[in-house]
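So this one's work-v2.txt, compact mmCIF, C-alpha atoms and all ligand atoms:
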```txt
# COMPACT_ATOMS: atom_id res chain seq x y z
CA MET W 1 76.78 43.82 82.66
CA THR W 2 80.20 43.52 81.04
CA VAL W 3 79.89 43.29 77.26
CA ARG W 4 82.08 40.38 76.10
CA ILE W 5 83.71 41.50 72.86
CA GLY W 6 85.25 39.41 70.09
CA MET W 7 87.93 41.24 68.10
CA ILE W 8 88.61 40.27 64.47
CA GLY W 9 91.93 41.55 63.08
CA PRO W 10 93.84 42.86 66.11
CA GLY W 11 96.47 44.80 64.14
CA GLY W 12 97.37 48.44 64.78
CA MET W 13 93.82 49.74 65.11
CA GLY W 14 92.44 46.65 66.85
CA GLN W 15 95.14 46.60 69.50
CA ALA W 16 94.69 50.33 70.14
CA HIS W 17 90.96 49.68 70.69
CA ILE W 18 91.75 46.76 73.05
CA GLU W 19 94.07 48.99 75.05
CA ARG W 20 91.36 51.66 75.36
CA ILE W 21 88.68 49.12 76.31
CA HIS W 22 90.88 47.60 79.01
CA THR W 23 92.17 50.85 80.50
CA VAL W 24 89.87 53.87 80.12
CA ILE W 25 86.53 52.55 78.81
CA ALA W 26 83.91 51.08 81.12
CA GLY W 27 81.57 48.15 80.61
CA GLY W 28 83.41 45.96 78.10
CA ARG W 29 86.18 43.38 77.86
CA VAL W 30 87.79 41.78 74.82
CA VAL W 31 87.52 38.05 75.53
CA ALA W 32 88.16 36.59 72.07
CA VAL W 33 90.34 37.34 69.06
CA SER W 34 90.85 35.95 65.58
CA ASP W 35 93.17 36.97 62.79
CA ILE W 36 94.17 35.68 59.40
CA ASP W 37 97.61 35.45 61.04
CA PRO W 38 97.05 32.79 63.75
CA GLY W 39 100.30 33.70 65.52
CA ARG W 40 99.06 37.26 65.99
CA ALA W 41 95.70 36.05 67.32
CA GLN W 42 97.40 33.70 69.79
CA GLY W 43 99.87 36.36 70.92
CA VAL W 44 97.14 38.95 71.57
CA ALA W 45 94.87 36.39 73.24
CA ALA W 46 97.69 35.32 75.59
CA ARG W 47 98.41 38.93 76.49
CA ILE W 48 94.81 39.80 77.38
CA GLY W 49 93.84 36.42 78.89
CA GLY W 50 91.31 35.73 76.13
CA THR W 51 90.66 32.94 73.63
CA ALA W 52 92.13 32.78 70.13
CA TYR W 53 89.73 31.42 67.52
CA ALA W 54 90.97 29.82 64.30
CA THR W 55 88.37 31.63 62.16
CA SER W 56 86.26 34.76 62.45
CA GLN W 57 83.14 32.63 61.87
CA GLU W 58 83.88 30.57 65.02
CA LEU W 59 84.47 33.75 67.01
CA ILE W 60 81.23 35.33 65.81
CA GLU W 61 79.19 32.21 66.64
CA SER W 62 80.78 31.65 70.06
CA PRO W 63 78.27 31.80 72.93
CA ASP W 64 81.01 33.57 74.94
CA VAL W 65 80.93 36.60 72.59
CA ASP W 66 78.15 39.22 72.97
CA ALA W 67 79.35 41.73 70.36
CA VAL W 68 82.05 41.92 67.69
CA MET W 69 84.62 44.52 66.61
CA ILE W 70 86.02 44.15 63.09
CA CYS W 71 89.44 45.75 62.60
CA SER W 72 90.71 43.68 59.68
CA PHE W 73 91.35 45.42 56.36
CA GLY W 74 88.47 46.82 54.27
CA PRO W 75 87.96 44.08 51.66
CA ALA W 76 87.60 41.49 54.48
CA HIS W 77 84.82 43.40 56.30
CA GLU W 78 81.75 42.34 54.30
CA VAL W 79 81.83 38.62 54.98
CA ASP W 80 82.30 39.09 58.73
CA VAL W 81 79.67 41.85 59.05
CA LEU W 82 77.18 39.58 57.25
CA ALA W 83 78.07 36.72 59.62
CA CYS W 84 77.45 39.00 62.64
CA ILE W 85 74.03 39.96 61.25
CA ALA W 86 73.22 36.28 60.65
CA ALA W 87 74.20 35.57 64.28
CA GLY W 88 72.12 38.58 65.49
CA LYS W 89 75.16 40.19 67.20
CA PRO W 90 75.95 43.92 67.37
CA VAL W 91 79.04 44.70 65.32
CA PHE W 92 81.37 47.68 65.30
CA CYS W 93 83.18 47.71 61.96
CA GLU W 94 86.17 49.98 61.40
CA LYS W 95 85.92 52.23 58.36
CA PRO W 96 85.45 51.62 55.50
CA LEU W 97 82.37 49.47 56.05
CA THR W 98 83.24 48.03 52.64
CA PRO W 99 85.46 49.36 49.86
CA THR W 100 82.53 49.48 47.38
CA ALA W 101 78.94 50.70 47.54
CA ALA W 102 77.66 47.40 46.07
CA ALA W 103 79.07 45.46 49.05
CA ALA W 104 77.61 47.97 51.54
CA LEU W 105 74.21 47.56 49.88
CA ARG W 106 74.35 43.79 50.52
CA ILE W 107 74.98 44.53 54.21
CA MET W 108 72.03 46.96 54.33
CA ASP W 109 69.78 44.36 52.70
CA ALA W 110 70.81 41.72 55.27
CA GLU W 111 70.36 44.10 58.21
CA GLN W 112 66.92 45.20 57.05
CA ALA W 113 65.90 41.55 56.60
CA HIS W 114 67.11 40.92 60.18
CA GLY W 115 64.83 43.74 61.36
CA THR W 116 66.94 45.72 63.86
CA ARG W 117 70.08 47.83 63.49
CA LEU W 118 73.20 45.89 64.45
CA VAL W 119 75.94 47.58 62.41
CA THR W 120 77.97 50.57 63.64
CA VAL W 121 80.72 51.98 61.41
CA GLY W 122 83.89 53.41 62.95
CA PHE W 123 83.70 56.98 61.67
CA MET W 124 85.29 58.51 64.77
CA ARG W 125 85.40 62.16 63.74
CA ARG W 126 81.73 62.49 64.68
CA PHE W 127 82.93 61.95 68.28
CA ASP W 128 85.76 64.50 68.22
CA ALA W 129 85.10 67.41 70.58
CA SER W 130 86.21 70.09 68.09
CA TYR W 131 84.14 68.71 65.19
CA ARG W 132 81.14 68.50 67.56
CA GLU W 133 81.60 72.14 68.59
CA MET W 134 81.84 73.15 64.95
CA LYS W 135 78.63 71.28 64.10
CA ALA W 136 76.74 72.75 67.07
CA LEU W 137 77.64 76.28 65.93
CA LEU W 138 76.67 75.67 62.29
CA ASP W 139 73.42 73.94 63.33
CA SER W 140 72.54 76.90 65.58
CA GLY W 141 72.23 79.09 62.46
CA GLU W 142 74.24 81.92 64.09
CA LEU W 143 76.61 82.05 61.12
CA GLY W 144 73.85 81.70 58.52
CA GLU W 145 74.02 79.15 55.72
CA THR W 146 77.25 77.19 55.18
CA LEU W 147 78.63 77.92 51.72
CA MET W 148 81.99 76.11 51.48
CA VAL W 149 84.22 73.86 53.55
CA HIS W 150 88.00 73.62 53.13
CA CYS W 151 89.54 70.41 54.47
CA ALA W 152 93.03 68.93 54.53
CA HIS W 153 94.09 65.42 55.50
CA ARG W 154 97.85 65.01 55.68
CA ASN W 155 99.68 61.88 56.78
CA PRO W 156 103.45 61.69 57.34
CA THR W 157 103.64 58.68 55.05
CA VAL W 158 101.83 55.49 53.99
CA PRO W 159 103.03 51.90 53.55
CA GLN W 160 104.21 50.42 50.24
CA GLY W 161 100.93 48.53 49.81
CA TYR W 162 98.86 51.76 49.69
CA THR W 163 97.23 51.74 46.25
CA TRP W 164 96.26 54.76 44.11
CA ASP W 165 92.50 54.46 44.88
CA MET W 166 93.08 54.41 48.67
CA ALA W 167 93.64 58.20 48.72
CA ILE W 168 89.87 58.37 48.18
CA ASN W 169 88.30 55.22 49.61
CA ASP W 170 90.59 54.77 52.60
CA THR W 171 91.78 58.32 53.45
CA ALA W 172 89.31 60.91 52.08
CA ILE W 173 86.44 58.67 53.29
CA HIS W 174 86.92 60.28 56.73
CA GLU W 175 86.12 63.75 55.36
CA VAL W 176 83.33 62.33 53.20
CA ASP W 177 81.55 60.98 56.28
CA ALA W 178 82.43 63.92 58.52
CA MET W 179 81.14 66.41 55.91
CA ARG W 180 77.88 64.44 55.32
CA TRP W 181 77.38 64.57 59.09
CA LEU W 182 78.47 68.22 59.49
CA LEU W 183 76.26 69.50 56.66
CA GLY W 184 73.38 67.06 57.24
CA GLU W 185 72.99 66.34 53.53
CA GLU W 186 74.30 64.09 50.77
CA PHE W 187 76.85 64.83 48.04
CA ILE W 188 75.73 64.73 44.42
CA SER W 189 79.05 64.95 42.55
CA ALA W 190 82.80 64.51 42.89
CA ARG W 191 85.78 65.84 40.96
CA VAL W 192 89.52 65.46 41.51
CA ASP W 193 92.24 68.07 40.91
CA THR W 194 95.79 66.78 40.50
CA PRO W 195 98.52 69.22 41.58
CA LYS W 196 102.24 68.71 41.09
CA LYS W 197 103.27 65.37 42.66
CA THR W 198 105.70 64.99 45.53
CA THR W 199 108.97 63.39 44.45
CA LEU W 200 109.64 62.02 47.92
CA ARG W 201 107.55 58.80 47.84
CA PHE W 202 105.84 56.29 45.54
CA PRO W 203 105.52 57.41 41.91
CA HIS W 204 102.40 55.18 41.52
CA LEU W 205 100.40 57.59 43.71
CA GLN W 206 98.84 60.91 42.74
CA ASP W 207 100.01 62.63 45.91
CA PRO W 208 98.77 65.20 46.81
CA LEU W 209 95.32 65.43 45.24
CA VAL W 210 92.26 67.56 45.90
CA LEU W 211 88.82 65.95 46.03
CA ILE W 212 86.04 68.44 45.32
CA LEU W 213 82.50 67.53 46.36
CA THR W 214 79.21 69.31 45.78
CA SER W 215 76.29 68.75 48.13
CA ALA W 216 72.61 68.57 47.19
CA SER W 217 72.11 72.21 48.29
CA GLY W 218 75.27 73.40 46.47
CA VAL W 219 77.81 73.53 49.32
CA ARG W 220 81.30 73.00 47.89
CA VAL W 221 83.80 70.94 49.91
CA ASP W 222 87.44 70.74 48.91
CA ASP W 223 89.63 68.14 50.57
CA GLU W 224 93.40 68.14 50.13
CA ILE W 225 94.71 64.60 50.53
CA PHE W 226 98.49 64.51 51.01
CA VAL W 227 99.53 61.14 52.41
CA ASN W 228 103.32 61.55 52.28
CA CYS W 229 103.63 65.06 53.68
CA GLN W 230 106.58 63.95 55.89
CA TYR W 231 105.98 66.31 58.80
CA GLY W 232 103.03 64.91 60.78
CA TYR W 233 99.35 63.96 60.86
CA ASP W 234 97.59 67.23 60.17
CA ILE W 235 93.80 67.46 59.92
CA ARG W 236 92.23 70.79 58.98
CA CYS W 237 88.72 71.94 58.39
CA GLU W 238 87.27 75.41 57.93
CA ALA W 239 83.59 75.99 57.20
CA VAL W 240 82.78 79.29 55.50
CA ALA W 241 79.27 80.54 56.21
CA GLU W 242 77.31 83.69 55.37
CA ARG W 243 78.23 85.58 58.53
CA GLY W 244 81.54 84.04 59.60
CA THR W 245 83.78 80.99 59.57
CA VAL W 246 84.53 78.19 62.00
CA SER W 247 87.65 76.02 61.95
CA LEU W 248 89.06 73.07 63.83
CA SER W 249 91.78 74.31 66.13
CA ASP W 250 95.14 72.58 66.20
CA HIS W 251 95.75 69.45 68.23
CA GLU W 252 95.16 70.15 71.93
CA VAL W 253 98.74 70.87 72.93
CA THR W 254 100.86 73.40 74.71
CA SER W 255 103.08 75.77 72.81
CA VAL W 256 106.61 76.53 73.94
CA ARG W 257 108.26 79.95 73.65
CA ARG W 258 112.02 79.97 73.91
CA ALA W 259 115.07 81.29 72.10
CA TRP W 260 112.96 83.82 70.17
CA ALA W 261 110.66 81.15 68.73
CA VAL W 262 107.29 79.52 69.40
CA THR W 263 107.09 75.75 68.89
CA LYS W 264 103.99 73.57 68.85
CA LYS W 265 103.65 69.84 68.43
CA VAL W 266 102.04 68.33 65.34
CA ALA W 267 100.15 65.04 65.95
CA ARG W 268 102.03 61.88 64.94
CA ASP W 269 99.07 59.79 63.80
CA HIS W 270 95.33 59.19 64.11
CA ASN W 271 95.60 57.80 67.64
CA ASP W 272 97.48 60.90 68.73
CA ARG W 273 95.06 63.37 67.10
CA PHE W 274 91.80 61.49 67.64
CA GLY W 275 92.54 59.52 70.84
CA GLY W 276 89.69 61.26 72.69
CA ALA W 277 87.27 60.69 69.82
CA PHE W 278 88.09 56.96 69.72
CA VAL W 279 87.43 56.66 73.46
CA THR W 280 84.06 58.44 73.19
CA GLU W 281 83.11 56.43 70.10
CA VAL W 282 83.87 53.01 71.59
CA GLN W 283 82.46 53.94 75.01
CA GLU W 284 79.16 55.03 73.45
CA TRP W 285 79.04 51.80 71.40
CA ILE W 286 79.68 49.53 74.40
CA SER W 287 77.14 51.41 76.55
CA ALA W 288 74.53 51.16 73.77
CA VAL W 289 75.19 47.42 73.30
CA ALA W 290 74.70 46.91 77.06
CA ARG W 291 71.34 48.71 76.83
CA GLY W 292 70.36 46.72 73.72
CA GLU W 293 70.40 49.87 71.57
CA HIS W 294 72.21 51.05 68.45
CA THR W 295 74.50 54.10 68.31
CA GLY W 296 76.94 55.78 65.94
CA SER W 297 77.12 55.67 62.16
CA THR W 298 74.82 53.16 60.49
CA ALA W 299 75.28 50.83 57.54
CA TRP W 300 73.53 53.60 55.53
CA ASP W 301 76.38 55.97 56.46
CA GLY W 302 78.88 53.32 55.37
CA TYR W 303 76.97 52.89 52.10
CA ALA W 304 76.56 56.63 51.41
CA ALA W 305 80.27 57.27 52.06
CA ALA W 306 81.15 54.37 49.73
CA CYS W 307 78.91 55.85 46.98
CA VAL W 308 80.73 59.20 47.20
CA CYS W 309 84.10 57.41 47.23
CA ASP W 310 83.10 55.31 44.20
CA ALA W 311 82.45 58.59 42.33
CA GLY W 312 85.74 60.04 43.67
CA VAL W 313 87.72 57.00 42.51
CA ARG W 314 86.12 57.28 39.04
CA ALA W 315 87.01 60.99 39.04
CA LEU W 316 90.67 59.98 39.45
CA THR W 317 90.62 58.52 35.95
CA GLU W 318 87.85 60.55 34.29
CA ASP W 319 87.83 64.26 33.50
CA GLY W 320 85.29 66.56 35.09
CA GLU W 321 82.47 65.98 37.55
CA VAL W 322 81.29 62.45 38.28
CA ALA W 323 77.72 62.08 39.56
CA VAL W 324 77.28 60.23 42.88
CA LYS W 325 74.90 57.30 42.38
CA MET W 326 72.93 56.44 45.50
CA ILE W 327 69.62 54.71 46.24
CA GLU W 328 67.00 56.58 48.25
CA ARG W 329 67.54 56.23 52.00
CA PRO W 330 65.37 53.34 53.25
CA ALA W 331 62.94 54.24 56.08
CA PHE W 332 64.82 51.68 58.24
CA TYR W 333 67.75 54.15 58.35
CA ALA W 334 65.69 57.35 58.76
P1 LIG Y 1 96.65 46.45 60.27
O1 LIG Y 1 97.21 45.88 59.01
O2 LIG Y 1 97.57 46.97 61.30
O3 LIG Y 1 95.74 45.36 60.97
C1 LIG Y 1 94.82 44.57 60.26
C2 LIG Y 1 94.75 43.21 60.94
O4 LIG Y 1 93.74 42.45 60.27
C3 LIG Y 1 96.05 42.41 60.83
O5 LIG Y 1 96.31 41.79 62.08
C4 LIG Y 1 95.74 41.39 59.75
O6 LIG Y 1 96.51 40.18 59.90
C5 LIG Y 1 94.27 41.15 59.97
N1 LIG Y 1 93.52 40.62 58.84
C6 LIG Y 1 93.64 40.95 57.54
N2 LIG Y 1 92.75 40.27 56.80
C7 LIG Y 1 92.02 39.53 57.66
C8 LIG Y 1 90.95 38.62 57.52
N3 LIG Y 1 90.44 38.33 56.31
N4 LIG Y 1 90.44 38.05 58.63
C9 LIG Y 1 90.96 38.32 59.84
N5 LIG Y 1 92.00 39.16 60.04
C10 LIG Y 1 92.51 39.75 58.97
O7 LIG Y 1 95.62 47.56 59.79
P2 LIG Y 1 94.99 48.75 60.69
O8 LIG Y 1 95.75 49.98 60.43
O9 LIG Y 1 94.82 48.27 62.08
O10 LIG Y 1 93.58 48.95 59.96
C11 LIG Y 1 92.51 48.08 60.25
C12 LIG Y 1 91.19 48.75 59.89
O11 LIG Y 1 91.07 49.94 60.65
C13 LIG Y 1 91.06 49.15 58.42
O12 LIG Y 1 89.74 48.98 58.00
C14 LIG Y 1 91.45 50.61 58.44
O13 LIG Y 1 90.87 51.36 57.38
C15 LIG Y 1 90.87 51.04 59.77
N6 LIG Y 1 91.56 52.21 60.33
C16 LIG Y 1 90.80 53.20 60.83
C17 LIG Y 1 91.40 54.34 61.32
C18 LIG Y 1 90.58 55.47 61.83
O14 LIG Y 1 91.10 56.57 61.91
N7 LIG Y 1 89.33 55.23 62.20
C19 LIG Y 1 92.80 54.43 61.34
C20 LIG Y 1 93.56 53.36 60.88
C21 LIG Y 1 92.92 52.24 60.37
```
In structure tokens, how does this file's structure come out?
Ligand code: NAD
Amino acid sequence: MTVRIGMIGPGGMGQAHIERIHTVIAGGRVVAVSDIDPGRAQGVAARIGGTAYATSQELIESPDVDAVMICSFGPAHEVDVLACIAAGKPVFCEKPLTPTAAAALRIMDAEQAHGTRLVTVGFMRRFDASYREMKALLDSGELGETLMVHCAHRNPTVPQGYTWDMAINDTAIHEVDAMRWLLGEEFISARVDTPKKTTLRFPHLQDPLVLILTSASGVRVDDEIFVNCQYGYDIRCEAVAERGTVSLSDHEVTSVRRAWAVTKKVARDHNDRFGGAFVTEVQEWISAVARGEHTGSTAWDGYAAACVCDAGVRALTEDGEVAVKMIERPAFYA
């Protein structure tokens, strides 16, 4: 069976997913697109031999669409995810599921009322080979208990429209989910440290900043967010445990030795660094849809990450630790 996919919001991320689905991923085909910019939808549809729909609602309800990918921007996700649940169609929604926990809760309520899991959230780091190796080692217990994790998330730059809160709810949200998954527990508080600001871009941003999270068992995670670092897309993570440490290695690249120097490439962007993870993530989703199963992060993961980010955003304007407010995990998401 070929899963017929409808793509909402084929911008940078959406078109990269289409390219993967049509070249290296098996079992799926993007047959329909819609975008708030009709010219973009028509252009992409013409290129892939699919149909452009005037609205996302029409795409979701089309009998020619088996499953939906949502790659529009965060605030637009909720309405389309709810429409997919109402139509009973599996939906892969790019992160963030929603920019606020309250909106994610509405999605969880609708999904539970529907009765089966339909929502997968695009937290791709869970599919990255090096993160998976790190988790397997920590889970094995060989290094003892994990005590701290040091993370960094550096982007070369961000667009003009990047607002002050996005450092947390659009950028740090990747570490928030990856650390919940790596540690297998929830965070109870968030705090933000504000170092000296870069003079090179956007005075309205606190850039860099350090988000500090504490887990239920007391593990401390610090996450440096530096979104105008100029030099590349650099993702770091080192877990410190009782008997040793484990870190992500650099991007899988060669190093060159010449003229008395060693040079190594730094990834350009998320597609460069996490290309393999995106392929595994989308392949696993399409294969699960074909089998009538659910895979990947759930709406609960989207909600829990949003709760931590809500606390992190508050910590940007409030002194000290901010408690993470979260409902108890419903049995539906156990
Ligand atoms: P983009 O601006 O390149 O593309 C967004 C597209 O959505 C555009 O074509 C835009 O016209 C369309 N759009 C906006 N509002 C819409 C609406 N209401 N209905 C339909 N279409 C709408 O942005 P992007 O970089 O591709 O990001 C898209 C999503 O992917 C975001 O949620 C972003 O956070 C996520 N993302 C994830 C990763 C990752 O590493 N997993 C990386 C980048 C972006």
CA of His22 in chain W to CA of Glu281 in chain W, distance in Å rounded to a single decimal: 14.8 Å
CA of Glu284 in chain W and CA of Thr254 in chain W, how far apart in Å?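 So the two atoms, CA of Thr254 in chain W and CA of Glu284 in chain W, lie 28.5 Å apart.
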Could you list, as a ChimeraX atom specification, all the residues within 7 Å of ligand LIG 1 (chain Y), counting all atoms listed in the file? /W:8-14,34-37,40,56,71-74,76,94-96,122-124,170,270
Please tell me which residues are no farther than 8 Å from (74.5, 54.0, 49.6) in the file, counting only C-alpha atoms, and write them as a list in words.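 All residues meeting the 8 Å criterion around (74.5, 54.0, 49.6) are Ala101, Ala104, Leu105, Trp300, Asp301, Gly302, Tyr303, Ala304, Ala305, Ala306, Cys307, Lys325, Met326, Ile327 and Arg329 of chain W.
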Skipping near chain neighbours, those fewer than 3 positions away, what residues fall within 12 Å of Gly49 in chain W using all atoms listed in the file, listed as a VMD selection string? chain W and resid 22 29 to 33 41 to 46 52
